[in-house]
$ cat run09.txt   # compact mmCIF, C-alpha atoms and all ligand atoms
# COMPACT_ATOMS: atom_id res chain seq x y z
CA MET J 7 79.95 115.97 116.76
CA LYS J 8 77.43 118.60 115.65
CA ARG J 9 80.26 120.99 114.95
CA ASN J 10 82.06 118.35 112.92
CA GLN J 11 79.01 117.70 110.76
CA GLU J 12 78.60 121.37 110.04
CA MET J 13 82.22 121.83 109.04
CA THR J 14 82.70 121.99 105.28
CA THR J 15 84.98 119.37 103.86
CA THR J 16 85.94 120.90 100.57
CA LYS J 17 89.52 120.33 99.41
CA ALA J 18 90.44 123.98 100.07
CA ASN J 19 89.03 123.83 103.57
CA LEU J 20 90.71 120.51 104.41
CA ARG J 21 94.02 121.76 103.04
CA GLN J 22 93.96 124.72 105.42
CA GLN J 23 92.75 122.63 108.38
CA PHE J 24 95.31 119.86 107.99
CA VAL J 25 98.28 122.15 107.29
CA GLU J 26 97.46 123.70 110.68
CA LYS J 27 96.91 120.36 112.43
CA ARG J 28 100.22 119.05 111.15
CA LEU J 29 102.16 122.16 112.17
CA ALA J 30 100.62 121.95 115.65
CA LEU J 31 102.25 118.54 116.32
CA ASN J 32 105.31 118.70 118.53
CA THR J 33 108.65 117.05 117.75
CA GLU J 34 108.06 114.14 120.12
CA ASP J 35 104.55 113.44 118.71
CA ILE J 36 105.99 113.40 115.24
CA ARG J 37 108.83 111.08 116.21
CA LEU J 38 106.43 108.58 117.81
CA LYS J 39 103.98 108.69 114.89
CA ASN J 40 106.77 108.35 112.33
CA ASP J 41 108.17 105.34 114.22
CA ILE J 42 104.82 103.54 114.12
CA ILE J 43 104.32 104.28 110.42
CA PHE J 44 107.88 103.11 109.72
CA SER J 45 107.32 99.80 111.47
CA VAL J 46 104.07 99.24 109.52
CA MET J 47 105.89 99.98 106.25
CA GLN J 48 108.55 97.42 107.16
CA SER J 49 105.89 94.72 107.66
CA ILE J 50 104.03 95.61 104.47
CA PHE J 51 107.17 95.59 102.32
CA THR J 52 108.59 92.46 103.98
CA LYS J 53 105.35 90.71 103.07
CA ILE J 54 104.93 91.89 99.48
CA ARG J 55 108.59 92.50 98.52
CA PRO J 56 107.90 94.82 95.56
CA ASN J 57 110.52 95.14 92.82
CA VAL J 58 110.04 98.89 92.38
CA ILE J 59 108.70 101.37 94.96
CA HIS J 60 108.02 104.99 94.04
CA THR J 61 108.23 107.34 97.02
CA PHE J 62 107.88 111.03 97.74
CA LEU J 63 110.86 112.60 99.53
CA SER J 64 109.55 114.28 102.65
CA ASN J 65 109.84 117.91 103.45
CA THR J 66 110.12 117.36 107.20
CA THR J 67 110.11 121.14 107.84
CA ARG J 68 106.41 121.03 106.84
CA ASN J 69 105.86 118.01 109.09
CA GLU J 70 105.22 115.59 106.26
CA VAL J 71 105.35 111.90 107.23
CA ASP J 72 109.01 110.90 107.03
CA THR J 73 109.79 108.47 104.21
CA TRP J 74 113.57 108.54 104.69
CA LYS J 75 113.75 105.81 107.34
CA THR J 76 111.70 103.50 105.15
CA ILE J 77 113.89 104.29 102.14
CA HIS J 78 117.11 103.51 104.04
CA TRP J 79 115.57 100.33 105.43
CA ILE J 80 114.60 99.22 101.88
CA TRP J 81 118.14 99.88 100.66
CA THR J 82 119.66 97.76 103.42
CA HIS J 83 117.05 94.99 103.76
CA LEU J 84 115.31 94.53 100.40
CA LEU J 85 118.32 94.20 98.19
CA HIS J 86 116.37 93.49 94.99
CA THR J 87 113.95 96.42 95.47
CA LYS J 88 114.60 99.62 93.55
CA THR J 89 113.35 102.99 94.80
CA VAL J 90 112.18 105.83 92.56
CA ALA J 91 111.51 109.50 93.36
CA PRO J 92 109.74 112.30 91.48
CA TYR J 93 111.09 115.51 89.96
CA VAL J 94 108.65 118.37 89.25
CA VAL J 95 109.41 119.92 85.86
CA PRO J 96 109.52 123.65 86.73
CA GLY J 97 106.65 125.71 85.36
CA THR J 98 104.55 122.62 84.60
CA GLN J 99 102.18 120.27 86.45
CA GLU J 100 104.29 117.38 85.30
CA MET J 101 106.60 115.06 87.22
CA GLN J 102 109.44 112.92 85.87
CA HIS J 103 110.68 109.89 87.77
CA TYR J 104 114.26 108.95 88.58
CA LEU J 105 116.06 106.09 90.25
CA LEU J 106 116.82 106.84 93.89
CA ASP J 107 119.81 105.14 95.48
CA SER J 108 122.53 106.15 97.90
CA HIS J 109 124.43 107.83 95.02
CA THR J 110 121.53 109.91 93.69
CA GLN J 111 122.36 113.61 93.70
CA LEU J 112 119.51 115.52 95.37
CA HIS J 113 118.60 119.20 95.14
CA LEU J 114 115.90 121.13 97.02
CA ASN J 115 113.19 122.53 94.74
CA ARG J 116 111.24 125.80 95.24
CA TRP J 117 109.15 124.14 97.99
CA GLN J 118 112.23 122.78 99.82
CA ILE J 119 111.42 119.25 98.66
CA PRO J 120 114.50 117.14 97.80
CA GLU J 121 114.49 115.88 94.21
CA PRO J 122 116.89 113.82 92.06
CA ASP J 123 119.04 115.89 89.71
CA PRO J 124 117.32 115.28 86.33
CA LEU J 125 120.53 115.87 84.38
CA ILE J 126 122.52 113.03 85.92
CA SER J 127 119.93 110.63 87.36
CA ALA J 128 118.54 107.55 85.60
CA LYS J 129 114.98 107.97 84.32
CA VAL J 130 112.61 105.15 85.28
CA ASP J 131 109.87 103.64 83.12
CA LEU J 132 106.59 103.96 85.05
CA ALA J 133 105.49 100.56 83.78
CA SER J 134 107.99 99.01 86.21
CA VAL J 135 106.56 100.74 89.31
CA GLU J 136 104.54 98.41 91.57
CA VAL J 137 103.92 100.54 94.66
CA VAL J 138 103.57 104.31 95.13
CA LEU J 139 103.88 106.04 98.51
CA VAL J 140 101.59 109.04 98.14
CA PRO J 141 101.92 112.29 100.13
CA LEU J 142 98.74 113.90 101.40
CA LEU J 143 97.27 116.44 103.77
CA ALA J 144 93.93 114.68 104.31
CA PHE J 145 92.07 111.61 103.05
CA ASP J 146 88.51 110.33 103.32
CA LYS J 147 86.88 107.00 104.16
CA LYS J 148 86.76 106.01 100.50
CA GLY J 149 90.49 106.61 99.99
CA PHE J 150 90.29 109.95 98.17
CA ARG J 151 92.98 112.43 99.09
CA VAL J 152 93.80 116.12 99.28
CA GLY J 153 97.35 117.33 98.64
CA TYR J 154 98.87 120.79 98.35
CA GLY J 155 96.64 121.43 95.31
CA GLY J 156 98.98 121.12 92.35
CA GLY J 157 97.26 118.01 90.98
CA TYR J 158 100.70 116.42 90.49
CA TYR J 159 99.82 113.01 91.90
CA ASP J 160 96.54 112.62 90.02
CA ARG J 161 98.33 113.40 86.77
CA PHE J 162 101.11 110.97 87.67
CA LEU J 163 98.85 108.12 88.87
CA GLU J 164 96.82 108.40 85.68
CA GLN J 165 99.98 107.36 83.79
CA CYS J 166 100.55 104.30 85.98
CA ASP J 167 99.06 100.83 85.70
CA PRO J 168 95.59 101.04 87.34
CA ASP J 169 96.47 97.97 89.44
CA ILE J 170 99.45 99.65 91.07
CA LEU J 171 99.34 99.72 94.90
CA LYS J 172 98.84 103.32 96.05
CA ILE J 173 99.63 103.79 99.74
CA GLY J 174 98.96 107.11 101.45
CA LEU J 175 100.81 108.08 104.62
CA SER J 176 99.10 110.27 107.20
CA PHE J 177 99.51 111.30 110.82
CA PHE J 178 95.72 111.70 111.08
CA ASP J 179 92.50 109.67 110.69
CA PRO J 180 90.31 110.08 107.60
CA VAL J 181 87.54 112.65 107.26
CA ASP J 182 84.09 111.26 106.39
CA GLU J 183 83.98 112.57 102.86
CA ILE J 184 85.72 115.07 100.58
CA GLU J 185 82.90 117.14 99.04
CA ASN J 186 84.30 118.41 95.79
CA LEU J 187 85.98 115.43 94.11
CA ASP J 188 86.43 115.70 90.37
CA GLN J 189 86.85 113.16 87.56
CA HIS J 190 90.65 113.26 87.90
CA ASP J 191 90.79 112.09 91.52
CA ILE J 192 92.29 108.62 91.82
CA PRO J 193 91.67 106.90 95.18
CA LEU J 194 94.34 105.22 97.32
CA ASN J 195 94.24 101.46 97.93
CA MET J 196 95.58 101.85 101.43
CA CYS J 197 96.42 104.57 103.94
CA VAL J 198 98.81 104.00 106.83
CA THR J 199 98.30 106.10 109.94
CA PRO J 200 99.73 105.68 113.45
CA GLU J 201 96.36 104.24 114.54
CA TYR J 202 95.27 101.96 111.74
CA ILE J 203 95.94 100.55 108.28
CA TYR J 204 92.98 101.65 106.14
CA GLN J 205 92.20 99.53 103.09
CA PHE J 206 89.80 100.74 100.43
N1 LIG J 301 107.46 115.63 99.70
C1 LIG J 301 106.57 115.88 98.74
N2 LIG J 301 106.96 115.84 97.46
C2 LIG J 301 106.07 116.14 96.49
C3 LIG J 301 104.73 116.46 96.79
C4 LIG J 301 104.34 116.49 98.16
O1 LIG J 301 103.19 116.74 98.51
N3 LIG J 301 105.30 116.19 99.09
N4 LIG J 301 103.88 116.78 95.75
C5 LIG J 301 102.53 116.49 95.74
O2 LIG J 301 101.81 116.87 94.88
C6 LIG J 301 104.47 117.35 94.54
C7 LIG J 301 104.85 118.80 94.81
N5 LIG J 301 103.68 119.58 94.95
C8 LIG J 301 103.57 120.75 95.64
C9 LIG J 301 102.54 121.62 95.32
C10 LIG J 301 102.39 122.82 95.98
C11 LIG J 301 103.27 123.16 97.00
C12 LIG J 301 103.14 124.44 97.74
O3 LIG J 301 103.88 124.69 98.68
N6 LIG J 301 102.22 125.30 97.38
C13 LIG J 301 102.01 126.54 98.04
C14 LIG J 301 101.05 127.34 97.22
C15 LIG J 301 101.71 128.37 96.31
C16 LIG J 301 102.95 127.91 95.58
O4 LIG J 301 102.82 127.36 94.47
O5 LIG J 301 104.07 128.12 96.11
C17 LIG J 301 101.50 126.30 99.45
O6 LIG J 301 100.89 125.24 99.73
O7 LIG J 301 101.77 127.15 100.32
C18 LIG J 301 104.30 122.28 97.33
C19 LIG J 301 104.44 121.10 96.65
C20 LIG J 301 105.64 116.53 94.15
N7 LIG J 301 106.52 116.19 95.23
N1 LIG J 302 94.96 114.11 85.39
C1 LIG J 302 94.62 115.41 85.39
N2 LIG J 302 94.47 116.09 84.24
C2 LIG J 302 94.12 117.39 84.24
N3 LIG J 302 93.91 118.10 85.35
C3 LIG J 302 94.04 117.49 86.53
C4 LIG J 302 94.41 116.11 86.60
N4 LIG J 302 94.49 115.77 87.91
C5 LIG J 302 94.18 116.87 88.61
N5 LIG J 302 93.89 117.90 87.80
C6 LIG J 302 93.50 119.27 88.22
O1 LIG J 302 94.52 119.83 89.04
C7 LIG J 302 93.93 120.69 90.02
C8 LIG J 302 94.42 120.34 91.42
O2 LIG J 302 93.92 119.08 91.80
P1 LIG J 302 93.67 118.67 93.32
O3 LIG J 302 93.03 119.79 94.05
O4 LIG J 302 93.03 117.34 93.36
O5 LIG J 302 95.21 118.57 93.81
P2 LIG J 302 95.87 117.73 94.97
O6 LIG J 302 95.50 116.29 94.80
O7 LIG J 302 95.53 118.38 96.24
O8 LIG J 302 97.42 117.97 94.65
P3 LIG J 302 98.66 116.97 94.52
O9 LIG J 302 98.22 115.80 93.67
O10 LIG J 302 99.70 117.80 93.86
O11 LIG J 302 99.03 116.54 95.89
C9 LIG J 302 92.43 120.52 89.89
O12 LIG J 302 91.94 121.63 89.18
C10 LIG J 302 92.28 119.23 89.12
O13 LIG J 302 91.08 119.19 88.37
$ encode --input "run09.txt" --output "structure tokens" --more "lines below"
Ligand SMILES: Nc1nc2c(c(=O)[nH]1)N(C=O)[C@@H](CNc1ccc(C(=O)N[C@@H](CCC(=O)O)C(=O)O)cc1)CN2
Ligand SMILES: Nc1ncnc2c1ncn2[C@@H]1O[C@H](COP(=O)(O)OP(=O)(O)OP(=O)(O)O)[C@@H](O)[C@H]1O
Amino acid sequence: MKRNQEMTTTKANLRQQFVEKRLALNTEDIRLKNDIIFSVMQSIFTKIRPNVIHTFLSNTTRNEVDTWKTIHWIWTHLLHTKTVAPYVVPGTQEMQHYLLDSHTQLHLNRWQIPEPDPLISAKVDLASVEVVLVPLLAFDKKGFRVGYGGGYYDRFLEQCDPDILKIGLSFFDPVDEIENLDQHDIPLNMCVTPEYIYQF
């Protein structure tokens, strides 16, 4: 406990800590945790039946929470729900957003993250998005998050309706507090972990 209190919880420190924690999980741990998160996502989406869900496309080689099972389940069970995925415009901090369906052509970007081909995919108006599944490395008890440090999601969420439902997905529990938040940080409304559904 003492040690925990003395540990700094700056974004840079948490980034390093949680990259390591995630890479230390074994394949079986990850499978079990992903299964629990998937079943929670099924209940949440069955209950609220959103029209448009924006989701990150996991880089499973970095042990990100897997969104693919949820995406396939949405496609087969929520027939009126559209899914949308981001594309990082190279050399910028900006993301564009494209319709994701079984026909969407995907390419791996420089970080091995699958993205819709911007030349042939259908661009989506952010005003239609109702739910965003947000990637993260760590989050705190107030719902603030730390990602890889590009600031992509804060820039994106700023463009969305403030009432949009922002759901983080994490294999780990929250830290008490992120020390160096800035005015751009937009908190999550919910974070799903294998242990608990946090609501903020
Ligand atoms: N699956 C997924 N898609 C996503 C995100 C994410 O976290 N996960 N992003 C969430 O924002 C955006 C991509 N942001 C990223 C930002 C930095 C790095 C990265 O690997 N950075 C290096 C640092 C040096 C470099 O620029 O290469 C690193 O962490 O080692 C990866 C993705 C958009 N799409
Ligand atoms: N809306 C914004 N406008 C301008 N700068 C921003 C905005 N959002 C974030 N930033 C800046 O981007 C940088 C990275 O932000 P931060 O460390 O919060 O990234 P992150 O949340 O870990 O990354 P990501 O959102 O890509 O997962 C910071 O310097 C932050 O101030």
$ closest_residue --input "run09.txt" --among "J:Leu187, J:Val94, J:Ala30, J:Leu112" --to "Gly156 (chain J)" --atoms "all atoms listed in the file"
J:Val94
$ atom_distance --input "run09.txt" --atom1 "atom C11 of ligand LIG 301 (chain J)" --atom2 "CA of Trp74 (chain J)"
19.5 Å
$ residues_around --input "run09.txt" --residues "Asp182 (chain J)" --least-positions-apart "3" --cutoff "9 Å" --atoms "all atoms listed in the file" --output "PyMOL selection string"
chain J and resi 15+145-148
$ write_last_selection --input "run09.txt" --atoms "C-alpha atoms" --output "short mmCIF file (atom, residue, chain, number, x, y, z; two decimals), in the frame of the given file"
data_model
loop_
_atom_site.label_atom_id
_atom_site.label_comp_id
_atom_site.auth_asym_id
_atom_site.auth_seq_id
_atom_site.Cartn_x
_atom_site.Cartn_y
_atom_site.Cartn_z
CA THR J 15 84.98 119.37 103.86
CA PHE J 145 92.07 111.61 103.05
CA ASP J 146 88.51 110.33 103.32
CA LYS J 147 86.88 107.00 104.16
CA LYS J 148 86.76 106.01 100.50
#
$ atom_distance --input "run09.txt" --atom1 "CA of Leu106 (chain J)" --atom2 "CA of Asp191 (chain J)"
26.7 Å
$ axis_aligned_box --input "run09.txt" --around "ligand LIG 302 (chain J)" --padding-each-side "5 Å" --output "JSON"
{"center_x": 95.4, "center_y": 117.9, "center_z": 90.2, "size_x": 18.6, "size_y": 17.5, "size_z": 22.0}
$ residues_around --input "run09.txt" --residues "Ile80 (chain J)" --least-positions-apart "3" --cutoff "12 Å" --atoms "all atoms listed in the file" --output "PyMOL selection string"
chain J and resi 44+47-52+55-61+73-77+83-90+106-108
$ closest_atom_pairs --input "run09.txt" --of "chain J" --to "ligand LIG 302 (chain J)" --cutoff "10 Å" --atoms "only C-alpha atoms and all ligand atoms" --output "Markdown table"
| residue | atom | partner | partner_atom | distance |
| --- | --- | --- | --- | --- |
| J:Thr16 | CA | J:LIG302 | O3 | 9.7 |
| J:Lys17 | CA | J:LIG302 | O3 | 6.4 |
| J:Ala18 | CA | J:LIG302 | O3 | 7.8 |
| J:Leu20 | CA | J:LIG302 | O7 | 9.7 |
| J:Arg21 | CA | J:LIG302 | O7 | 7.7 |
| J:Gln99 | CA | J:LIG302 | O1 | 8.1 |
| J:Glu100 | CA | J:LIG302 | O10 | 9.7 |
| J:Met101 | CA | J:LIG302 | O10 | 10.0 |
| J:Val140 | CA | J:LIG302 | O11 | 8.2 |
| J:Pro141 | CA | J:LIG302 | O11 | 6.7 |
| J:Leu142 | CA | J:LIG302 | O11 | 6.1 |
| J:Leu143 | CA | J:LIG302 | O7 | 8.0 |
| J:Ala144 | CA | J:LIG302 | O7 | 9.0 |
| J:Phe150 | CA | J:LIG302 | O6 | 8.9 |
| J:Arg151 | CA | J:LIG302 | O6 | 6.3 |
| J:Val152 | CA | J:LIG302 | O7 | 4.2 |
| J:Gly153 | CA | J:LIG302 | O7 | 3.2 |
| J:Tyr154 | CA | J:LIG302 | O7 | 4.6 |
| J:Gly155 | CA | J:LIG302 | O7 | 3.4 |
| J:Gly156 | CA | J:LIG302 | O10 | 3.7 |
| J:Gly157 | CA | J:LIG302 | O5 | 3.5 |
| J:Tyr158 | CA | J:LIG302 | O10 | 3.8 |
| J:Tyr159 | CA | J:LIG302 | O9 | 3.7 |
| J:Asp160 | CA | J:LIG302 | N4 | 4.3 |
| J:Arg161 | CA | J:LIG302 | N1 | 3.7 |
| J:Phe162 | CA | J:LIG302 | N1 | 7.3 |
| J:Leu163 | CA | J:LIG302 | N1 | 7.9 |
| J:Glu164 | CA | J:LIG302 | N1 | 6.0 |
| J:Gln165 | CA | J:LIG302 | N1 | 8.6 |
| J:Asn186 | CA | J:LIG302 | O3 | 9.0 |
| J:Leu187 | CA | J:LIG302 | O4 | 7.3 |
| J:Asp188 | CA | J:LIG302 | O13 | 6.1 |
| J:Gln189 | CA | J:LIG302 | O13 | 7.4 |
| J:His190 | CA | J:LIG302 | N4 | 4.6 |
| J:Asp191 | CA | J:LIG302 | O4 | 6.0 |
| J:Ile192 | CA | J:LIG302 | N4 | 8.4 |
$ residues_near_point --input "run09.txt" --point "(101.4, 101.6, 111.0)" --cutoff "7 Å" --atoms "all atoms listed in the file" --output "list in words"
Ile42, Ile43, Phe44, Ser45, Val46, Met47, Val198, Thr199, Pro200, Glu201, Tyr202 and Ile203 of chain J
$ closest_residue --input "run09.txt" --among "J:Val71, J:Val137, J:Ala91, J:Ile119" --to "ligand LIG 301 (chain J)" --atoms "only C-alpha atoms and all ligand atoms"
J:Ile119
$ atom_distance --input "run09.txt" --atom1 "CA of Asp169 (chain J)" --atom2 "CA of Thr82 (chain J)"
27.1 Å
$ closest_residue --input "run09.txt" --among "J:Trp81, J:Trp117, J:Tyr104, J:Tyr204" --to "ligand LIG 301 (chain J)" --atoms "all atoms listed in the file"
J:Trp117
$ residues_around --input "run09.txt" --residues "Ile36 (chain J)" --least-positions-apart "3" --cutoff "12 Å" --atoms "all atoms listed in the file" --output "list in words"
Lys27, Arg28, Leu29, Ala30, Leu31, Asn32, Thr33, Lys39, Asn40, Asp41, Ile42, Ile43, Phe44, Thr66, Thr67, Arg68, Asn69, Glu70, Val71, Asp72, Ser176, Phe177, Phe178, Thr199 and Pro200 of chain J
